[in-house]
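The data block below is upload.cif; it holds mmCIF, C-alpha atoms and all ligand atoms.
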```cif
data_upload
#
loop_
_atom_site.label_atom_id
_atom_site.label_comp_id
_atom_site.auth_asym_id
_atom_site.auth_seq_id
_atom_site.Cartn_x
_atom_site.Cartn_y
_atom_site.Cartn_z
CA MET A 1 90.35 106.10 112.26
CA ARG A 2 91.13 108.32 109.28
CA VAL A 3 94.70 109.09 108.18
CA GLY A 4 95.97 111.57 105.61
CA VAL A 5 98.87 110.23 103.55
CA ILE A 6 100.62 113.09 101.79
CA GLY A 7 102.45 111.96 98.66
CA GLY A 8 101.28 108.92 96.69
CA GLY A 9 104.54 107.78 95.10
CA LEU A 10 106.32 104.50 95.81
CA MET A 11 106.14 104.85 99.57
CA GLY A 12 102.93 106.83 100.04
CA SER A 13 101.02 104.31 97.91
CA GLY A 14 102.45 101.43 99.95
CA ILE A 15 101.67 103.14 103.26
CA ALA A 16 98.13 103.97 102.09
CA GLU A 17 97.59 100.36 101.00
CA VAL A 18 98.78 98.90 104.30
CA CYS A 19 96.60 101.37 106.27
CA ALA A 20 93.51 100.58 104.15
CA ARG A 21 94.13 96.85 104.47
CA SER A 22 94.19 97.34 108.24
CA GLY A 23 90.76 98.97 108.37
CA VAL A 24 91.92 102.61 108.38
CA ASP A 25 90.22 105.19 106.12
CA VAL A 26 92.86 106.94 104.05
CA THR A 27 92.98 110.21 102.13
CA VAL A 28 95.95 110.28 99.73
CA VAL A 29 97.08 113.76 98.64
CA GLU A 30 99.04 114.18 95.40
CA VAL A 31 100.13 117.11 93.24
CA ASP A 32 97.87 116.45 90.24
CA GLU A 33 95.15 114.13 88.92
CA GLU A 34 97.65 112.07 86.93
CA ARG A 35 99.65 111.28 90.08
CA CYS A 36 96.43 110.44 91.94
CA SER A 37 95.49 107.94 89.21
CA LYS A 38 99.01 106.49 89.22
CA SER A 39 98.86 105.94 92.98
CA GLN A 40 95.40 104.38 92.76
CA ALA A 41 96.58 102.05 89.97
CA ALA A 42 99.73 101.06 91.89
CA ILE A 43 97.69 100.18 94.99
CA GLY A 44 95.21 98.19 92.88
CA LYS A 45 98.07 96.27 91.26
CA SER A 46 99.74 95.54 94.58
CA LEU A 47 96.44 94.34 96.13
CA ASP A 48 95.90 92.07 93.11
CA ARG A 49 99.36 90.65 93.69
CA GLY A 50 98.46 90.12 97.34
CA VAL A 51 95.31 88.23 96.29
CA ARG A 52 97.31 86.08 93.83
CA GLY A 53 99.88 85.28 96.54
CA GLY A 54 97.12 84.35 98.99
CA HIS A 55 97.98 87.20 101.40
CA VAL A 56 94.75 89.18 100.81
CA SER A 57 91.22 87.83 100.32
CA GLU A 58 89.03 89.16 97.49
CA GLU A 59 86.73 90.61 100.14
CA ASP A 60 89.54 92.45 101.96
CA ARG A 61 90.85 93.77 98.65
CA SER A 62 87.46 95.33 97.82
CA ALA A 63 87.06 96.69 101.36
CA ALA A 64 90.56 98.24 101.22
CA LEU A 65 89.83 99.95 97.89
CA GLU A 66 86.65 101.45 99.36
CA ARG A 67 88.56 102.95 102.27
CA LEU A 68 90.84 104.94 99.93
CA ALA A 69 90.19 108.46 98.64
CA PHE A 70 92.53 110.46 96.36
CA THR A 71 92.70 114.23 96.16
CA THR A 72 94.87 117.08 94.94
CA SER A 73 93.76 119.36 97.80
CA LEU A 74 95.59 119.18 101.11
CA ASP A 75 92.50 120.77 102.73
CA ASP A 76 90.74 117.40 102.32
CA VAL A 77 92.80 115.92 105.18
CA GLU A 78 91.17 118.36 107.60
CA GLY A 79 89.70 116.46 110.57
CA ALA A 80 91.87 113.35 110.04
CA ASP A 81 93.12 111.58 113.19
CA ALA A 82 96.72 111.52 112.00
CA ALA A 83 98.91 112.36 109.01
CA ILE A 84 101.83 110.52 107.44
CA GLU A 85 103.96 112.58 105.08
CA ALA A 86 105.64 110.73 102.19
CA ILE A 87 106.45 113.44 99.62
CA ILE A 88 109.79 113.65 97.81
CA GLU A 89 112.92 113.90 99.97
CA ASP A 90 113.13 117.72 99.91
CA GLU A 91 113.63 119.39 103.28
CA ASP A 92 112.14 122.78 102.36
CA LEU A 93 108.99 121.23 100.83
CA LYS A 94 108.54 118.99 103.87
CA ARG A 95 108.99 121.88 106.34
CA ASP A 96 106.39 123.90 104.50
CA LEU A 97 103.99 120.93 104.46
CA PHE A 98 104.32 120.36 108.22
CA LYS A 99 103.44 124.02 108.84
CA ARG A 100 100.25 123.54 106.81
CA LEU A 101 99.38 120.19 108.46
CA ASP A 102 99.84 121.81 111.87
CA THR A 103 97.10 124.33 111.04
CA LEU A 104 94.78 121.88 109.26
CA LEU A 105 94.94 119.15 111.92
CA PRO A 106 94.94 120.86 115.34
CA ASP A 107 93.59 117.74 117.08
CA ALA A 108 95.52 115.00 115.25
CA GLN A 109 97.12 112.27 117.40
CA PHE A 110 100.40 112.59 115.54
CA LEU A 111 102.01 114.14 112.47
CA ALA A 112 104.53 111.65 111.10
CA SER A 113 107.15 111.88 108.39
CA ASN A 114 108.35 108.89 106.38
CA THR A 115 111.53 110.80 105.54
CA SER A 116 114.58 108.59 104.96
CA SER A 117 117.02 111.01 106.48
CA VAL A 118 115.85 114.55 107.27
CA PRO A 119 116.14 115.15 111.04
CA ILE A 120 112.60 115.23 112.48
CA MET A 121 113.32 118.32 114.56
CA LYS A 122 113.78 120.33 111.36
CA LEU A 123 110.21 119.38 110.32
CA ALA A 124 108.74 120.00 113.78
CA ALA A 125 110.50 123.33 114.34
CA ASP A 126 107.92 125.58 112.66
CA THR A 127 104.82 123.80 114.05
CA SER A 128 102.85 124.99 117.07
CA LYS A 129 102.98 121.55 118.76
CA PRO A 130 106.37 119.96 118.02
CA ASP A 131 105.63 117.34 120.69
CA ARG A 132 103.24 115.50 118.31
CA VAL A 133 105.70 115.35 115.36
CA LEU A 134 107.78 112.21 114.86
CA GLY A 135 109.35 109.98 112.23
CA MET A 136 107.58 106.80 111.12
CA HIS A 137 110.00 105.31 108.64
CA PHE A 138 108.54 102.48 106.56
CA PHE A 139 110.55 100.22 104.23
CA ASN A 140 110.14 99.56 100.53
CA PRO A 141 108.08 97.63 99.43
CA VAL A 142 105.81 98.63 102.34
CA PRO A 143 103.31 95.75 101.95
CA VAL A 144 106.18 93.24 102.18
CA LEU A 145 108.75 94.58 104.67
CA PRO A 146 107.64 94.49 108.31
CA LEU A 147 109.80 97.27 109.80
CA VAL A 148 108.82 100.78 110.89
CA GLU A 149 111.47 102.93 112.59
CA ILE A 150 109.93 105.17 115.24
CA VAL A 151 111.99 108.35 115.41
CA ARG A 152 111.77 110.69 118.38
CA SER A 153 112.96 114.29 118.11
CA ILE A 154 114.13 116.08 121.24
CA MET A 155 110.61 117.62 121.42
CA THR A 156 108.45 114.52 120.70
CA SER A 157 106.26 113.59 123.68
CA GLU A 158 106.01 110.15 125.26
CA GLN A 159 102.30 110.12 124.39
CA THR A 160 103.07 110.65 120.69
CA ILE A 161 105.63 107.83 120.74
CA ASP A 162 103.12 105.52 122.46
CA ARG A 163 100.42 106.36 119.90
CA ALA A 164 102.80 105.74 116.99
CA HIS A 165 103.88 102.37 118.44
CA GLN A 166 100.25 101.42 118.95
CA PHE A 167 99.34 102.44 115.39
CA ALA A 168 102.33 100.73 113.71
CA GLU A 169 102.13 97.52 115.77
CA ALA A 170 98.50 96.96 116.82
CA THR A 171 96.75 98.60 113.86
CA LEU A 172 99.15 97.89 110.97
CA GLY A 173 100.79 94.74 112.35
CA LYS A 174 104.32 96.06 111.75
CA THR A 175 107.49 95.50 113.79
CA THR A 176 109.10 98.63 115.22
CA ILE A 177 112.51 99.77 116.37
CA ASP A 178 113.23 103.10 118.07
CA SER A 179 115.81 105.58 116.88
CA GLN A 180 117.13 108.89 118.07
CA ASP A 181 116.80 111.80 115.67
CA ARG A 182 120.06 111.47 113.72
CA ALA A 183 120.15 111.74 109.92
CA GLY A 184 119.42 108.33 108.38
CA PHE A 185 118.16 106.95 111.70
CA VAL A 186 119.36 103.37 112.36
CA VAL A 187 118.89 101.52 109.08
CA ASN A 188 119.83 104.12 106.46
CA ALA A 189 122.86 105.28 108.47
CA LEU A 190 124.16 101.72 107.89
CA LEU A 191 122.62 100.92 104.49
CA ILE A 192 123.29 104.05 102.43
CA PRO A 193 127.13 104.12 102.82
CA TYR A 194 127.10 100.43 101.74
CA ILE A 195 125.08 101.22 98.58
CA LEU A 196 127.29 104.25 97.82
CA SER A 197 130.37 102.01 98.14
CA ALA A 198 128.87 99.68 95.54
CA VAL A 199 128.27 102.62 93.18
CA ARG A 200 131.89 103.74 93.64
CA MET A 201 133.08 100.17 93.02
CA TYR A 202 131.12 100.00 89.76
CA GLU A 203 132.11 103.55 88.74
CA SER A 204 135.81 102.81 89.16
CA GLY A 205 135.65 99.63 87.05
CA PHE A 206 136.55 97.45 90.03
CA ALA A 207 133.82 94.94 89.03
CA ALA A 208 130.82 94.62 86.72
CA LYS A 209 127.45 95.66 88.16
CA GLU A 210 126.05 92.14 87.78
CA ASP A 211 129.04 90.71 89.66
CA ILE A 212 128.73 93.23 92.49
CA ASP A 213 125.05 92.37 92.89
CA ARG A 214 125.51 88.63 92.48
CA GLY A 215 128.31 88.75 95.03
CA MET A 216 126.04 90.13 97.75
CA VAL A 217 123.09 87.88 96.82
CA LYS A 218 125.01 84.64 96.58
CA GLY A 219 127.80 85.42 99.05
CA CYS A 220 125.82 87.12 101.80
CA ALA A 221 122.24 85.93 101.16
CA HIS A 222 120.89 89.45 100.62
CA PRO A 223 117.55 89.36 98.73
CA MET A 224 119.00 91.70 96.12
CA GLY A 225 122.38 93.30 95.36
CA PRO A 226 123.18 96.94 96.23
CA LEU A 227 122.81 98.35 92.70
CA ALA A 228 119.45 96.62 92.15
CA LEU A 229 118.46 97.94 95.58
CA ALA A 230 119.50 101.47 94.57
CA ASP A 231 117.17 101.12 91.56
CA LEU A 232 114.35 99.93 93.85
CA ILE A 233 114.82 102.85 96.27
CA GLY A 234 115.09 105.46 93.48
CA LEU A 235 118.37 107.22 92.70
CA ASP A 236 116.93 110.69 93.43
CA THR A 237 115.98 109.49 96.92
CA LEU A 238 119.39 107.82 97.37
CA LEU A 239 121.14 111.06 96.40
CA ALA A 240 119.00 113.15 98.76
CA VAL A 241 119.65 110.73 101.63
CA SER A 242 123.41 110.78 101.00
CA GLN A 243 123.33 114.59 101.12
CA SER A 244 121.45 114.62 104.47
CA LEU A 245 123.87 112.07 105.92
CA TYR A 246 126.89 114.05 104.76
CA GLU A 247 125.45 117.30 106.11
CA GLU A 248 125.00 115.72 109.54
CA PHE A 249 128.11 113.55 109.93
CA ARG A 250 130.63 114.94 107.37
CA ASP A 251 131.80 111.38 106.81
CA PRO A 252 133.35 110.74 103.35
CA SER A 253 131.43 107.43 103.15
CA SER A 254 128.25 109.48 102.55
CA VAL A 255 129.57 111.63 99.70
CA ALA A 256 127.58 110.90 96.53
CA PRO A 257 129.77 109.46 93.76
CA ALA A 258 129.83 111.59 90.57
CA LEU A 259 128.10 108.77 88.66
CA LEU A 260 125.09 108.96 90.99
CA ASN A 261 124.80 112.71 90.36
CA ARG A 262 125.07 112.21 86.58
CA MET A 263 122.42 109.46 86.59
CA VAL A 264 119.96 111.63 88.53
CA GLU A 265 120.65 114.56 86.17
CA ALA A 266 119.92 112.20 83.25
CA GLY A 267 116.63 111.07 84.79
CA LEU A 268 117.90 107.51 85.23
CA LEU A 269 116.14 107.21 88.58
CA GLY A 270 115.81 103.42 88.74
CA ARG A 271 112.72 101.23 88.51
CA LYS A 272 110.22 104.07 88.77
CA ALA A 273 111.76 105.73 85.67
CA GLY A 274 112.19 102.48 83.72
CA ARG A 275 115.98 102.71 83.85
CA GLY A 276 118.72 103.07 86.45
CA PHE A 277 121.68 100.75 86.79
CA TYR A 278 119.44 98.23 85.00
CA ASP A 279 116.78 98.53 82.29
CA TYR A 280 113.15 97.93 83.34
CA SER A 281 111.49 99.14 80.14
CA SER A 282 110.34 95.73 78.93
N1 LIG B 1 103.36 94.68 96.81
C1 LIG B 1 102.79 93.58 97.35
N2 LIG B 1 103.43 92.41 97.46
C2 LIG B 1 104.68 92.34 96.95
C3 LIG B 1 105.32 93.45 96.36
C4 LIG B 1 104.60 94.65 96.31
N3 LIG B 1 105.12 95.77 95.79
N4 LIG B 1 106.56 93.08 95.98
C5 LIG B 1 106.68 91.78 96.31
N5 LIG B 1 105.55 91.34 96.90
C6 LIG B 1 105.31 90.01 97.49
C7 LIG B 1 105.00 89.02 96.42
O1 LIG B 1 103.59 88.82 96.30
C8 LIG B 1 105.68 87.77 96.94
O2 LIG B 1 104.84 87.07 97.81
P1 LIG B 1 104.56 85.50 97.53
O3 LIG B 1 105.90 84.89 97.19
O4 LIG B 1 103.99 85.01 98.80
O5 LIG B 1 103.62 85.53 96.39
C9 LIG B 1 106.83 88.25 97.80
O6 LIG B 1 106.54 89.62 98.11
C10 LIG B 1 108.14 88.14 97.08
O7 LIG B 1 108.03 88.81 95.84
P2 LIG B 1 108.67 88.30 94.49
O8 LIG B 1 108.69 86.79 94.47
O9 LIG B 1 108.03 89.01 93.35
O10 LIG B 1 110.11 88.86 94.46
P3 LIG B 1 111.32 88.55 95.35
O11 LIG B 1 111.22 87.29 96.14
O12 LIG B 1 112.46 88.75 94.46
O13 LIG B 1 111.24 89.76 96.40
C11 LIG B 1 111.56 91.97 97.14
C12 LIG B 1 111.18 91.08 95.97
C13 LIG B 1 110.45 91.88 98.21
C14 LIG B 1 111.68 93.40 96.65
C15 LIG B 1 112.91 91.44 97.75
O14 LIG B 1 113.86 91.35 96.72
C16 LIG B 1 113.45 92.30 98.84
O15 LIG B 1 112.99 92.26 99.99
N6 LIG B 1 114.48 93.12 98.52
C17 LIG B 1 115.14 93.98 99.47
C18 LIG B 1 114.31 95.21 99.68
C19 LIG B 1 114.94 96.15 100.66
O16 LIG B 1 116.05 95.99 101.14
N7 LIG B 1 114.19 97.21 100.95
C20 LIG B 1 114.64 98.26 101.82
C21 LIG B 1 115.03 99.45 100.95
S1 LIG B 1 115.67 100.74 101.93
C22 LIG B 1 114.32 101.55 102.46
O17 LIG B 1 113.18 101.21 102.20
C23 LIG B 1 114.58 102.72 103.35
C24 LIG B 1 114.87 104.02 102.69
O18 LIG B 1 114.57 105.02 103.35
C25 LIG B 1 115.53 104.18 101.39
P1 LIG B 2 108.46 109.08 94.96
O1 LIG B 2 109.24 109.98 94.08
O2 LIG B 2 108.08 107.74 94.46
O3 LIG B 2 107.10 109.79 95.42
C1 LIG B 2 107.03 111.07 95.96
C2 LIG B 2 105.66 111.63 95.62
O4 LIG B 2 105.47 112.86 96.33
C3 LIG B 2 105.50 111.96 94.12
O5 LIG B 2 104.44 111.19 93.58
C4 LIG B 2 105.20 113.47 94.11
O6 LIG B 2 104.25 113.84 93.13
C5 LIG B 2 104.64 113.67 95.52
N1 LIG B 2 104.70 115.04 96.01
C6 LIG B 2 105.71 115.94 95.89
N2 LIG B 2 105.37 117.09 96.52
C7 LIG B 2 104.13 116.92 97.03
C8 LIG B 2 103.24 117.73 97.77
N3 LIG B 2 103.57 118.97 98.13
N4 LIG B 2 102.04 117.22 98.14
C9 LIG B 2 101.67 115.96 97.79
N5 LIG B 2 102.48 115.13 97.09
C10 LIG B 2 103.70 115.60 96.71
O7 LIG B 2 109.29 108.96 96.32
P2 LIG B 2 109.20 107.81 97.44
O8 LIG B 2 110.23 106.81 97.14
O9 LIG B 2 107.79 107.44 97.63
O10 LIG B 2 109.72 108.62 98.71
C11 LIG B 2 108.83 109.40 99.51
C12 LIG B 2 109.46 109.65 100.86
O11 LIG B 2 109.69 108.38 101.49
C13 LIG B 2 110.81 110.36 100.82
O12 LIG B 2 110.92 111.17 101.96
C14 LIG B 2 111.79 109.19 100.88
O13 LIG B 2 113.03 109.56 101.39
C15 LIG B 2 111.07 108.26 101.82
N6 LIG B 2 111.42 106.84 101.72
C16 LIG B 2 111.72 106.27 100.51
C17 LIG B 2 112.02 104.93 100.45
C18 LIG B 2 112.36 104.26 99.15
O14 LIG B 2 112.89 103.13 99.16
N7 LIG B 2 112.06 104.84 98.01
C19 LIG B 2 112.01 104.14 101.62
C20 LIG B 2 111.66 104.74 102.83
C21 LIG B 2 111.39 106.10 102.87
#
```
Would you kindly transcribe this structure into structure tokens?
Amino acid sequence: MRVGVIGGGLMGSGIAEVCARSGVDVTVVEVDEERCSKSQAAIGKSLDRGVRGGHVSEEDRSAALERLAFTTSLDDVEGADAAIEAIIEDEDLKRDLFKRLDTLLPDAQFLASNTSSVPIMKLAADTSKPDRVLGMHFFNPVPVLPLVEIVRSIMTSEQTIDRAHQFAEATLGKTTIDSQDRAGFVVNALLIPYILSAVRMYESGFAAKEDIDRGMVKGCAHPMGPLALADLIGLDTLLAVSQSLYEEFRDPSSVAPALLNRMVEAGLLGRKAGRGFYDYSS
């Protein structure tokens, strides 16, 4: 099987790695050579970590690296069996990309989006076969977290859903849950208002950021606190998800706090930028 992964950032690199580790040939598409190299390096680093932790054998690491190709031309995904889109959380860019994938991959089993929140129907609307478009929502870090949300639009066919389940579970070894096509799907509809509440709590001086995070780690056994998690997700992604949620539900819990807007404007995007609520530069 060959899969095109469009976007080789945090999530696309993780998805590409997990596919390659599972025996799938992968073509990663990025915007320029520098981003291609960054994705390749991130996957190499993560596989090395997997080898060190005893999760990946040396042999499997080498085989996975051989299954990966990087390109700046979307045309190179032509003929792939499926595509998984993981570009930035921008609805217009994603809609345009799905139109192009629809033409390039007339026989693909499915065209999936890893969007955190954009309703799948919006991405399927301009394609010729909306029945084969669905959401496959992976979680960060993809090599570590087992879940994939399978999101069905009102036009997605049963066959597409079956194929996506088969791919996520049998091929990639992931656990799936099903969601209807509502902004944020199941997990982010619950998680994002919680993280935004933590940002508001910190912004208002209610508590120090370290105390908010320590409170949720030590008091509720979360693996990390909400502000550290915001940094892991990326504040630009968090902002975009909050906007999609608000657009759909008009619930005040999804309104982005002013501090989040200011941090994104300042380029303080979290771990990937070296600084967010915390400093990762050293
Ligand atoms: N690649 C490969 N392996 C990795 C990895 C990566 N990027 N990150 C961690 N690991 C592995 C490590 O090898 C380690 O395995 P061993 O202990 O067996 O060696 C294991 O995962 C734990 O890693 P660490 O010991 O370095 O760190 P940790 O125990 O503090 O865990 C964490 C780090 C996995 C990020 C953990 O803190 C965690 O799960 N945090 C919560 C993450 C979360 O909630 N993600 C969901 C975000 S929301 C989302 O994704 C949806 C959206 O649309 C926004
Ligand atoms: P990111 O900023 O790390 O990576 C996005 C990548 O897309 C960048 O490298 C960018 O160069 C590339 N890109 C932009 N336009 C492109 C195009 N036209 N063609 C090819 N590549 C293009 O973002 P991310 O965190 O990887 O998020 C990607 C998607 O996954 C978003 O839809 C996001 O909502 C979703 N998601 C994110 C997380 C998370 O925790 N960060 C979790 C689940 C889902």
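Using all atoms listed in the file, the smallest distance between any of A:Asp81, A:Asp32, A:Glu169, A:Asp131 and ligand LIG 2 (chain B) comes from A:Asp32.
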Please return as a PyMOL selection string the residues found within 6 Å of ligand LIG 1 (chain B), counting all atoms listed in the file. chain A and resi 46+49-50+53+116+139-141+143-144+223-224+233
Please write out the residues within 7 Å of ligand LIG 2 (chain B) as an mmCIF file with C-alpha atoms, in the coordinates of the input, counting all atoms listed in the file.
```cif
data_model
loop_
_atom_site.group_PDB
_atom_site.id
_atom_site.type_symbol
_atom_site.label_atom_id
_atom_site.label_comp_id
_atom_site.auth_asym_id
_atom_site.auth_seq_id
_atom_site.Cartn_x
_atom_site.Cartn_y
_atom_site.Cartn_z
ATOM 1 C CA ILE A 6 100.620 113.090 101.790
ATOM 2 C CA GLY A 7 102.450 111.960 98.660
ATOM 3 C CA GLY A 8 101.280 108.920 96.690
ATOM 4 C CA GLY A 9 104.540 107.780 95.100
ATOM 5 C CA LEU A 10 106.320 104.500 95.810
ATOM 6 C CA MET A 11 106.140 104.850 99.570
ATOM 7 C CA GLY A 12 102.930 106.830 100.040
ATOM 8 C CA VAL A 29 97.080 113.760 98.640
ATOM 9 C CA GLU A 30 99.040 114.180 95.400
ATOM 10 C CA VAL A 31 100.130 117.110 93.240
ATOM 11 C CA ARG A 35 99.650 111.280 90.080
ATOM 12 C CA ALA A 86 105.640 110.730 102.190
ATOM 13 C CA ILE A 87 106.450 113.440 99.620
ATOM 14 C CA ILE A 88 109.790 113.650 97.810
ATOM 15 C CA GLU A 89 112.920 113.900 99.970
ATOM 16 C CA LEU A 93 108.990 121.230 100.830
ATOM 17 C CA LEU A 97 103.990 120.930 104.460
ATOM 18 C CA ASN A 114 108.350 108.890 106.380
ATOM 19 C CA THR A 115 111.530 110.800 105.540
ATOM 20 C CA SER A 116 114.580 108.590 104.960
ATOM 21 C CA SER A 117 117.020 111.010 106.480
ATOM 22 C CA HIS A 137 110.000 105.310 108.640
ATOM 23 C CA PHE A 138 108.540 102.480 106.560
ATOM 24 C CA PHE A 139 110.550 100.220 104.230
ATOM 25 C CA ASN A 140 110.140 99.560 100.530
ATOM 26 C CA LEU A 232 114.350 99.930 93.850
ATOM 27 C CA ILE A 233 114.820 102.850 96.270
ATOM 28 C CA GLY A 234 115.090 105.460 93.480
ATOM 29 C CA THR A 237 115.980 109.490 96.920
ATOM 30 C CA VAL A 241 119.650 110.730 101.630
#
```
Show me the residues close to (113.3, 99.5, 117.1) - anything with an atom within 9 Å, counting all atoms listed in the file - and format the list as a PyMOL selection string. chain A and resi 147-150+175-179+186
Tell me which residues come within 10 Å of (126.4, 103.5, 96.9), as a ChimeraX atom specification, counting only C-alpha atoms in the file's coordinates. /A:191-203,226-227,229-230,235,238-239,242,253-257,259-260
Residues of segment 165-204 of chain A that approach segment 120-123 of chain A to 9 Å or less, counting only C-alpha atoms: could you list each one with the shortest pair of atoms and its distance in Å to one decimal, rows by chain and increasing residue number, as a tab-separated table?
```
residue	atom	partner	partner_atom	distance
A:Asp181	CA	A:Ile120	CA	6.3
A:Arg182	CA	A:Ile120	CA	8.4
A:Ala183	CA	A:Ile120	CA	8.7
```
When you look at Ile43 of chain A with a cut-off of 8 Å (counting all atoms listed in the file), what residues show up, excluding the ones that are within fewer than 4 positions of it in the same chain? I need them as a PyMOL selection string. chain A and resi 13-14+17+39+47
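Restricting the calculation to all atoms listed in the file, the smallest distance between Ser37 of chain A and any of A:Ala16, A:Ser22, A:Phe70, A:Ala273 is found for A:Phe70.
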Report, as AutoDock Vina command-line options, the axis-aligned box around all atoms of segment 126-135 of chain A present in the file, extended by 4 Å on each side; give centre and edge lengths in Å to one decimal place.
```
--center_x 106.1 --center_y 117.8 --center_z 116.5 --size_x 14.5 --size_y 23.6 --size_z 16.5
```
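In this model, the gap between atom CA of Ala41 of chain A and atom CA of Thr71 of chain A comes to 14.2 Å.
Among the candidate residues A:Lys99, A:Arg132, A:Arg214, A:Arg67, the one lying nearest to Ile161 of chain A is A:Arg132, with distances computed using all atoms listed in the file.
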Interatomic distance, atom CA of Lys209 of chain A to atom CA of Gly276 of chain A (Å, one decimal): 11.6 Å
How far is it from atom CA of Asp96 of chain A to atom CA of Asp126 of chain A, in Å with one decimal?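 Pair atom CA of Asp96 of chain A / atom CA of Asp126 of chain A returns 8.5 Å.
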Which residue of A:Leu68, A:Gly44, A:Leu145, A:Glu85 approaches Val26 of chain A most closely, using all atoms listed in the file: A:Leu68
Find, counting all atoms listed in the file, the residue in A:Val56, A:Cys19, A:Met216, A:Val118 that gets nearest to Gly184 of chain A. A:Val118
Nearest to Glu91 of chain A by atom-to-atom distance, counting all atoms listed in the file, from A:Ser281, A:Lys129, A:Ser113, A:Arg271: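 Going through A:Ser281, A:Lys129, A:Ser113, A:Arg271 one by one, the smallest distance to Glu91 of chain A is for A:Ser113.
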